[in-house]
Amino acid sequence: CWEVRNHNSSEWCHFIRSNPDCQLEGGFLDYLQGVFCVFPPQLLPLAVTLYAFWLLYLFIILGVTAEKFFCPNLSAISTNLKLSHNVAISLATPSLTSSLHGVTFLAFGNGAPDVFSAVVAFSNPRTAGLAIGAVFGAGVFVTTVVAGGIALVKPFTAASRPFLRDVIFYMVAVFLTFMVLYFGRITLGEALGYLGLYIFYVFAVVLCTWIHQRQRREGLAPPRPWEPEMATDTEEGESSGTNSGDYGEEYRPLLPSQETSLHILTSALSPLDCRKWRRKPWYWRLFKVFKVPVELVLLLTVPVVDPDKDDLNWKRPLNCLHILTSPLVCILTLKSGSYGLYQIQGIFPVWALVTLVGSVLAIAIFFTTSNEEPPKYHCVFAFLGFLASAMWINAAATELVNILRTLGVIFQLSNTVLGLTLLAWGNSIGDTFSDLTMARQGYPRMAFSACFGGIIFNILVGVGLGCLLQMTSTQLVVKLEPDSLLVWILAGALGLSLVFSFVSVPAQCFQLGKAYGICLILYYLAFLCLALLTEFRVIHLS
């Protein structure tokens with residue numbers, strides 16, 4: 001499909017429509033036909049600009065959905081499964097349940113955009129390079145730029161055993177992926193091996209926590225400094241998935257009052273807090289303006305259960321509406337709406353059946369519940385919200401992969417370089433700001449541990465699950481053939497950065513300062529220059 005730019009501009013549209021390699025898998029919009037058939041050739045820069053803005057907005061959609069809807073519902077599910085969702089505990093007295101939650105539910109919530117992007121990219125052999133580039137590129141970026149930035153912001157002493165454990169597991173995961181790329185395929189056993197290795201990692205984390213607990217009780221292990229978890233929500237004081245009516249204790253009335261269902265609905269659907277709006281700087285307001293449409297659509301379609309609230313975030317009129325909207329979102333976003341538009345017996349569409357059943361259930365729940373007290377089955381809304389937010393993330397990730405492939409065709413860039421730059425940067429930007437903020441506020445050890453612990457989930461589950469879902473009963477092998485020298489440079493750069501940290505951190509007695517941070521950042525800049533020179537064939541194999 002790259003060859004479209006080599007033809008005369010009058011032939012672009014015909015080439016795109018007649019070439020099977022130019023057909024995008026899934027998605028609601030055909031970006032290739034849009035840029036080469038809808039826009040005239042002289043307006044190609046305008047089309048690219050619009051696509052770039054839409055790409056940024058897709059990253060906003062992914063971030064808002066994961067942070068305010070996907071993660072809170074995961075937390076509520078873990079609570080209903082009797083796992084402690086409160087990870088903000090003293091590290092001096094770690095609990096097994098919180099460790100298990102941190103490496104399963106919390107990792108899944110934080111890594112959802114990366115994993116969904118990888119799963120979508122692996123679904124098509126033409127875009128598998130995006131997934132490989134994103135998984136490796138994000139790994140290099142986080143373990144060099146973010147880890148180095150933490151050391152620059154706040155020199156600190158790293159936790160020795162967790163650091164060594166995470167780096168060793170990550171190096172094993174990178175080696176496995178290197179071998180898969182070398183052989184050019186991944187089998188069913190190897191895909192299951194990725195997931196099995198992550199389960200073993202979870203077991204190792206829980207076992208290390210248990211050993212440390214036992215040593216503390218016997219007085220053999222020194223107490224660790226108290227490092228409570230910092231909130232990742234940049235909008236301080238705003239609970240995930242809440243609405244502008246929840247202003248905190250100081251704004252609540254002294255005497256309870258009966259609110260009408262209409263007032264509850266309107267306040268629950270308002271994503272703006274006027275008090276916060278007035279005291280925030282202009283750039284926060286500008287960013288909020290872009291987020292408001294996304295938050296409003298998500299509030300309409302995704303229920304959120306908050307175990308930390310007395311009413312569990314029960315909003316009767318809105319939650320009854322969710323009984324209708326959430327299933328509709330699920331069927332209309334699955335396979336780009338093909339299941340939702342399917343007609344039963346060629347007469348009755350599936351979406352109409354879901355609307356009918358959802359309306360009946362919503363009316364029944366509305367007349368059998370009250371505004372003041374959530375029903376006993378309210379926990380079901382957490383599972384519904386988890387499913388609906390996952391479908392939103394999957395839909396946004398599909399559009400993201402398709403638009404990145406389109407930009408690759410326009411600029412004649414490989415999927416690998418797009419994955420290691422735009423996709424990796426976009427998925428890592430939230431972690432970067434949260435980790436650096438955490439370090440600046442005095443918790444560098446926690447931020448540094450997150451650099452190595454979180455990306456283990458992304459590579460093992462992203463590659464393992466992404467390839468596993470593409471296998472069928474007749475095809476138990478997924479081909480992952482490297483498309484250029486750049487893939488090997490990317491894999492080698494990630495492995496070398498891990499070896500550097502594995503050797504240099506213990507050599508410094510785990511005392512990490514500015515020199516370590518500068519070395520990591522310079523290493524990433526050198527890697528990026530090498531990758532770009534390879535992409536533009538300044539460096540190539542004869």
# chains A, B, ... in the order shown; residues from 1 in each chain; ligands from 1

$ residues_around --residues "region 332-338 of chain A" --least-positions-apart "6" --cutoff "7 Å" --atoms "only C-alpha atoms" --output "PyMOL selection string"
chain A and resi 26-28+391+395

$ select_by_dssp --residues "region 366-502 of chain A" --states "helix (DSSP H, G or I)" --output "compact mmCIF listing (two decimals) with N, CA and C atoms, in the first residue's frame"
# COMPACT_ATOMS: atom_id res chain seq x y z
N PHE A 366 -36.24 0.80 38.02
CA PHE A 366 -36.58 2.15 38.48
C PHE A 366 -37.74 2.12 39.48
N PHE A 367 -38.73 1.28 39.24
CA PHE A 367 -39.90 1.26 40.11
C PHE A 367 -39.75 0.32 41.30
N THR A 368 -38.65 -0.43 41.36
CA THR A 368 -38.45 -1.32 42.52
C THR A 368 -37.29 -0.87 43.40
N VAL A 380 -23.56 -5.66 40.46
CA VAL A 380 -23.64 -6.09 39.06
C VAL A 380 -23.29 -4.92 38.13
N PHE A 381 -23.58 -3.70 38.58
CA PHE A 381 -23.28 -2.53 37.75
C PHE A 381 -21.77 -2.35 37.57
N ALA A 382 -20.96 -2.82 38.53
CA ALA A 382 -19.50 -2.75 38.38
C ALA A 382 -19.04 -3.63 37.22
N PHE A 383 -19.62 -4.84 37.11
CA PHE A 383 -19.27 -5.72 36.00
C PHE A 383 -19.76 -5.16 34.66
N LEU A 384 -20.97 -4.55 34.69
CA LEU A 384 -21.49 -3.93 33.47
C LEU A 384 -20.62 -2.75 33.05
N GLY A 385 -20.20 -1.93 34.03
CA GLY A 385 -19.33 -0.80 33.72
C GLY A 385 -17.97 -1.23 33.23
N PHE A 386 -17.44 -2.31 33.82
CA PHE A 386 -16.16 -2.86 33.37
C PHE A 386 -16.25 -3.30 31.91
N LEU A 387 -17.32 -4.00 31.56
CA LEU A 387 -17.48 -4.49 30.18
C LEU A 387 -17.67 -3.33 29.21
N ALA A 388 -18.51 -2.36 29.57
CA ALA A 388 -18.77 -1.23 28.67
C ALA A 388 -17.51 -0.38 28.47
N SER A 389 -16.76 -0.11 29.54
CA SER A 389 -15.54 0.69 29.40
C SER A 389 -14.48 -0.08 28.60
N ALA A 390 -14.43 -1.42 28.77
CA ALA A 390 -13.49 -2.21 27.98
C ALA A 390 -13.83 -2.13 26.50
N MET A 391 -15.12 -2.13 26.16
CA MET A 391 -15.51 -2.03 24.76
C MET A 391 -15.18 -0.65 24.19
N TRP A 392 -15.35 0.40 25.01
CA TRP A 392 -14.96 1.73 24.55
C TRP A 392 -13.46 1.80 24.28
N ILE A 393 -12.65 1.23 25.20
CA ILE A 393 -11.20 1.23 25.02
C ILE A 393 -10.82 0.45 23.77
N ASN A 394 -11.49 -0.69 23.57
CA ASN A 394 -11.18 -1.50 22.39
C ASN A 394 -11.54 -0.76 21.10
N ALA A 395 -12.67 -0.05 21.09
CA ALA A 395 -13.07 0.71 19.90
C ALA A 395 -12.07 1.84 19.63
N ALA A 396 -11.67 2.57 20.69
CA ALA A 396 -10.70 3.65 20.50
C ALA A 396 -9.35 3.11 20.05
N ALA A 397 -8.94 1.96 20.60
CA ALA A 397 -7.66 1.36 20.20
C ALA A 397 -7.69 0.92 18.74
N THR A 398 -8.84 0.42 18.27
CA THR A 398 -8.96 0.03 16.86
C THR A 398 -8.80 1.24 15.95
N GLU A 399 -9.47 2.33 16.28
CA GLU A 399 -9.32 3.55 15.47
C GLU A 399 -7.89 4.06 15.53
N LEU A 400 -7.27 3.95 16.70
CA LEU A 400 -5.90 4.41 16.88
C LEU A 400 -4.94 3.65 15.97
N VAL A 401 -5.06 2.34 15.95
CA VAL A 401 -4.19 1.51 15.11
C VAL A 401 -4.42 1.83 13.63
N ASN A 402 -5.69 1.98 13.22
CA ASN A 402 -5.99 2.27 11.81
C ASN A 402 -5.45 3.62 11.37
N ILE A 403 -5.55 4.62 12.24
CA ILE A 403 -5.08 5.95 11.84
C ILE A 403 -3.55 5.99 11.82
N LEU A 404 -2.90 5.24 12.70
CA LEU A 404 -1.44 5.17 12.66
C LEU A 404 -0.97 4.47 11.39
N ARG A 405 -1.68 3.42 10.99
CA ARG A 405 -1.32 2.75 9.74
C ARG A 405 -1.50 3.70 8.56
N THR A 406 -2.56 4.51 8.59
CA THR A 406 -2.79 5.48 7.51
C THR A 406 -1.66 6.50 7.44
N LEU A 407 -1.24 7.01 8.60
CA LEU A 407 -0.13 7.97 8.61
C LEU A 407 1.15 7.32 8.10
N GLY A 408 1.32 6.02 8.40
CA GLY A 408 2.48 5.31 7.88
C GLY A 408 2.46 5.23 6.36
N VAL A 409 1.28 5.02 5.77
CA VAL A 409 1.16 4.98 4.31
C VAL A 409 1.43 6.36 3.71
N ILE A 410 0.89 7.40 4.35
CA ILE A 410 1.06 8.76 3.82
C ILE A 410 2.53 9.15 3.81
N PHE A 411 3.22 8.92 4.93
CA PHE A 411 4.62 9.34 5.05
C PHE A 411 5.60 8.23 4.70
N ASN A 415 5.37 0.37 10.22
CA ASN A 415 4.55 0.26 11.42
C ASN A 415 5.40 0.21 12.68
N THR A 416 6.59 -0.35 12.57
CA THR A 416 7.45 -0.47 13.75
C THR A 416 7.85 0.90 14.29
N VAL A 417 8.27 1.81 13.40
CA VAL A 417 8.70 3.13 13.88
C VAL A 417 7.52 3.93 14.40
N LEU A 418 6.33 3.75 13.82
CA LEU A 418 5.14 4.41 14.36
C LEU A 418 4.80 3.86 15.73
N GLY A 419 4.99 2.56 15.92
CA GLY A 419 4.71 1.96 17.22
C GLY A 419 5.66 2.41 18.29
N LEU A 420 6.97 2.48 17.97
CA LEU A 420 7.95 2.84 19.00
C LEU A 420 7.96 4.34 19.28
N THR A 421 7.33 5.14 18.44
CA THR A 421 7.27 6.59 18.68
C THR A 421 5.87 7.02 19.11
N LEU A 422 4.98 7.23 18.15
CA LEU A 422 3.67 7.81 18.46
C LEU A 422 2.85 6.94 19.40
N LEU A 423 2.73 5.63 19.09
CA LEU A 423 1.90 4.77 19.92
C LEU A 423 2.52 4.57 21.29
N ALA A 424 3.83 4.37 21.35
CA ALA A 424 4.50 4.17 22.64
C ALA A 424 4.45 5.45 23.48
N TRP A 425 4.71 6.59 22.87
CA TRP A 425 4.66 7.85 23.62
C TRP A 425 3.24 8.15 24.11
N GLY A 426 2.27 7.95 23.23
CA GLY A 426 0.89 8.24 23.62
C GLY A 426 0.42 7.38 24.78
N ASN A 427 0.75 6.09 24.75
CA ASN A 427 0.32 5.20 25.83
C ASN A 427 1.12 5.40 27.11
N SER A 428 2.32 5.98 27.01
CA SER A 428 3.19 6.13 28.18
C SER A 428 3.11 7.51 28.81
N ILE A 429 2.45 8.46 28.14
CA ILE A 429 2.49 9.83 28.64
C ILE A 429 1.82 9.97 30.01
N GLY A 430 0.74 9.22 30.23
CA GLY A 430 0.07 9.29 31.53
C GLY A 430 0.95 8.75 32.64
N ASP A 431 1.59 7.60 32.40
CA ASP A 431 2.49 7.03 33.40
C ASP A 431 3.67 7.96 33.66
N THR A 432 4.15 8.63 32.62
CA THR A 432 5.29 9.53 32.78
C THR A 432 4.96 10.66 33.74
N PHE A 433 3.83 11.33 33.52
CA PHE A 433 3.47 12.45 34.39
C PHE A 433 3.17 11.99 35.81
N SER A 434 2.47 10.88 35.95
CA SER A 434 2.12 10.41 37.29
C SER A 434 3.37 9.97 38.07
N ASP A 435 4.31 9.26 37.39
CA ASP A 435 5.52 8.81 38.08
C ASP A 435 6.41 9.99 38.46
N LEU A 436 6.57 10.96 37.55
CA LEU A 436 7.42 12.12 37.87
C LEU A 436 6.78 12.97 38.96
N THR A 437 5.46 13.11 38.94
CA THR A 437 4.78 13.85 40.01
C THR A 437 4.95 13.14 41.35
N MET A 438 4.83 11.82 41.33
CA MET A 438 5.01 11.04 42.55
C MET A 438 6.43 11.23 43.10
N ALA A 439 7.43 11.22 42.23
CA ALA A 439 8.81 11.42 42.66
C ALA A 439 9.02 12.82 43.20
N ARG A 440 8.44 13.81 42.54
CA ARG A 440 8.59 15.20 42.98
C ARG A 440 7.97 15.43 44.35
N PRO A 444 9.97 8.67 45.35
CA PRO A 444 10.66 8.19 44.14
C PRO A 444 10.77 6.67 44.08
N ARG A 445 10.87 6.00 45.24
CA ARG A 445 11.00 4.53 45.22
C ARG A 445 9.75 3.88 44.61
N MET A 446 8.62 4.40 44.99
CA MET A 446 7.38 3.85 44.46
C MET A 446 7.28 4.10 42.95
N ALA A 447 7.64 5.31 42.53
CA ALA A 447 7.58 5.64 41.10
C ALA A 447 8.56 4.78 40.31
N PHE A 448 9.76 4.56 40.85
CA PHE A 448 10.77 3.76 40.16
C PHE A 448 10.32 2.31 40.05
N SER A 449 9.70 1.79 41.09
CA SER A 449 9.20 0.42 41.04
C SER A 449 8.11 0.28 39.98
N ALA A 450 7.28 1.32 39.84
CA ALA A 450 6.20 1.28 38.84
C ALA A 450 6.76 1.22 37.42
N CYS A 451 7.95 1.81 37.19
CA CYS A 451 8.54 1.80 35.85
C CYS A 451 8.78 0.38 35.37
N PHE A 452 9.28 -0.48 36.26
CA PHE A 452 9.65 -1.83 35.85
C PHE A 452 8.53 -2.83 36.09
N GLY A 453 7.70 -2.60 37.11
CA GLY A 453 6.63 -3.56 37.40
C GLY A 453 5.47 -3.49 36.42
N GLY A 454 5.09 -2.27 36.01
CA GLY A 454 3.91 -2.12 35.16
C GLY A 454 4.11 -2.66 33.75
N ILE A 455 5.31 -2.45 33.18
CA ILE A 455 5.51 -2.84 31.78
C ILE A 455 5.67 -4.35 31.63
N ILE A 456 5.92 -5.07 32.72
CA ILE A 456 5.95 -6.54 32.65
C ILE A 456 4.58 -7.05 32.23
N PHE A 457 3.54 -6.48 32.82
CA PHE A 457 2.17 -6.85 32.46
C PHE A 457 1.92 -6.56 30.98
N ASN A 458 2.37 -5.40 30.50
CA ASN A 458 2.09 -5.00 29.12
C ASN A 458 2.70 -5.95 28.10
N ILE A 459 3.95 -6.37 28.32
CA ILE A 459 4.60 -7.21 27.32
C ILE A 459 4.10 -8.65 27.40
N LEU A 460 3.94 -9.19 28.62
CA LEU A 460 3.53 -10.59 28.74
C LEU A 460 2.07 -10.79 28.35
N VAL A 461 1.19 -9.95 28.87
CA VAL A 461 -0.23 -10.10 28.56
C VAL A 461 -0.53 -9.54 27.17
N GLY A 462 0.12 -8.43 26.78
CA GLY A 462 -0.12 -7.85 25.47
C GLY A 462 0.23 -8.80 24.35
N VAL A 463 1.45 -9.39 24.40
CA VAL A 463 1.87 -10.32 23.35
C VAL A 463 1.14 -11.65 23.48
N GLY A 464 1.09 -12.19 24.71
CA GLY A 464 0.46 -13.49 24.91
C GLY A 464 -1.01 -13.52 24.56
N LEU A 465 -1.76 -12.57 25.12
CA LEU A 465 -3.20 -12.52 24.86
C LEU A 465 -3.49 -12.09 23.44
N GLY A 466 -2.71 -11.13 22.93
CA GLY A 466 -2.93 -10.65 21.56
C GLY A 466 -2.77 -11.76 20.53
N CYS A 467 -1.74 -12.59 20.69
CA CYS A 467 -1.54 -13.69 19.74
C CYS A 467 -2.52 -14.83 20.00
N LEU A 468 -2.85 -15.07 21.27
CA LEU A 468 -3.75 -16.17 21.59
C LEU A 468 -5.13 -15.94 20.98
N LEU A 485 15.28 -4.23 9.75
CA LEU A 485 16.36 -4.23 10.74
C LEU A 485 15.96 -3.49 12.01
N LEU A 486 15.01 -2.56 11.89
CA LEU A 486 14.62 -1.74 13.02
C LEU A 486 14.08 -2.58 14.19
N VAL A 487 13.40 -3.67 13.89
CA VAL A 487 12.86 -4.52 14.96
C VAL A 487 13.97 -5.08 15.82
N TRP A 488 15.06 -5.50 15.19
CA TRP A 488 16.19 -6.05 15.95
C TRP A 488 16.90 -4.97 16.75
N ILE A 489 17.00 -3.78 16.19
CA ILE A 489 17.59 -2.66 16.94
C ILE A 489 16.73 -2.34 18.16
N LEU A 490 15.43 -2.38 17.98
CA LEU A 490 14.51 -2.08 19.07
C LEU A 490 14.62 -3.11 20.19
N ALA A 491 14.61 -4.40 19.81
CA ALA A 491 14.73 -5.46 20.80
C ALA A 491 16.08 -5.40 21.51
N GLY A 492 17.14 -5.16 20.74
CA GLY A 492 18.46 -5.08 21.34
C GLY A 492 18.61 -3.89 22.27
N ALA A 493 18.00 -2.75 21.89
CA ALA A 493 18.08 -1.55 22.74
C ALA A 493 17.38 -1.76 24.07
N LEU A 494 16.22 -2.43 24.03
CA LEU A 494 15.50 -2.69 25.28
C LEU A 494 16.29 -3.65 26.17
N GLY A 495 16.82 -4.72 25.57
CA GLY A 495 17.61 -5.66 26.36
C GLY A 495 18.85 -5.02 26.94
N LEU A 496 19.52 -4.16 26.16
CA LEU A 496 20.73 -3.51 26.63
C LEU A 496 20.44 -2.52 27.76
N SER A 497 19.31 -1.81 27.67
CA SER A 497 18.96 -0.87 28.74
C SER A 497 18.67 -1.61 30.05
N LEU A 498 18.03 -2.79 29.95
CA LEU A 498 17.76 -3.58 31.15
C LEU A 498 19.05 -4.12 31.75
N VAL A 499 19.96 -4.59 30.90
CA VAL A 499 21.24 -5.08 31.40
C VAL A 499 22.03 -3.95 32.06
N PHE A 500 21.97 -2.77 31.46
CA PHE A 500 22.67 -1.61 32.04
C PHE A 500 22.15 -1.31 33.45
N SER A 501 20.82 -1.27 33.61
CA SER A 501 20.26 -1.00 34.93
C SER A 501 20.54 -2.16 35.89
N PHE A 502 20.48 -3.39 35.38
CA PHE A 502 20.71 -4.56 36.22
C PHE A 502 22.13 -4.58 36.79

$ select_by_dssp --residues "region 457-539 of chain A" --states "strand (DSSP E)" --output "PDB file with C-alpha atoms, in the first residue's frame"
ATOM      1  CA  VAL A 477       0.415 -20.474  14.847  1.00  0.00           C
ATOM      2  CA  VAL A 478       0.688 -16.698  14.450  1.00  0.00           C
ATOM      3  CA  LYS A 479       3.402 -15.385  12.142  1.00  0.00           C
ATOM      4  CA  GLN A 511      21.909   4.786  45.406  1.00  0.00           C
ATOM      5  CA  LEU A 512      20.482   6.405  42.260  1.00  0.00           C
TER       6      LEU A 512
END

$ residues_around --residues "region 317-320 of chain A" --least-positions-apart "2" --cutoff "6 Å" --atoms "only C-alpha atoms" --output "ChimeraX atom specification"
/A:265,315,322-323,362

$ write_last_selection --atoms "N, CA and C atoms" --output "PDB file, in the first residue's frame"
ATOM      1  N   LEU A 265     -30.334  13.086  38.089  1.00  0.00           N
ATOM      2  CA  LEU A 265     -29.872  12.771  36.739  1.00  0.00           C
ATOM      3  C   LEU A 265     -29.042  13.904  36.155  1.00  0.00           C
ATOM      4  N   LYS A 315     -26.857   6.211  41.565  1.00  0.00           N
ATOM      5  CA  LYS A 315     -27.683   7.281  41.007  1.00  0.00           C
ATOM      6  C   LYS A 315     -28.832   6.593  40.263  1.00  0.00           C
ATOM      7  N   HIS A 322     -28.337   3.351  32.335  1.00  0.00           N
ATOM      8  CA  HIS A 322     -27.195   2.515  31.961  1.00  0.00           C
ATOM      9  C   HIS A 322     -27.623   1.099  31.574  1.00  0.00           C
ATOM     10  N   ILE A 323     -28.714   0.603  32.148  1.00  0.00           N
ATOM     11  CA  ILE A 323     -29.211  -0.728  31.791  1.00  0.00           C
ATOM     12  C   ILE A 323     -29.532  -0.797  30.296  1.00  0.00           C
ATOM     13  N   ALA A 362     -34.842  -1.630  32.722  1.00  0.00           N
ATOM     14  CA  ALA A 362     -34.634  -0.305  33.311  1.00  0.00           C
ATOM     15  C   ALA A 362     -35.896   0.182  34.022  1.00  0.00           C
TER      16      ALA A 362
END

$ atom_distance --atom1 "CA of Trp284 (chain A)" --atom2 "CA of Asp308 (chain A)"
26.5 Å

$ atom_distance --atom1 "CA of Val180 (chain A)" --atom2 "CA of Pro162 (chain A)"
27.2 Å
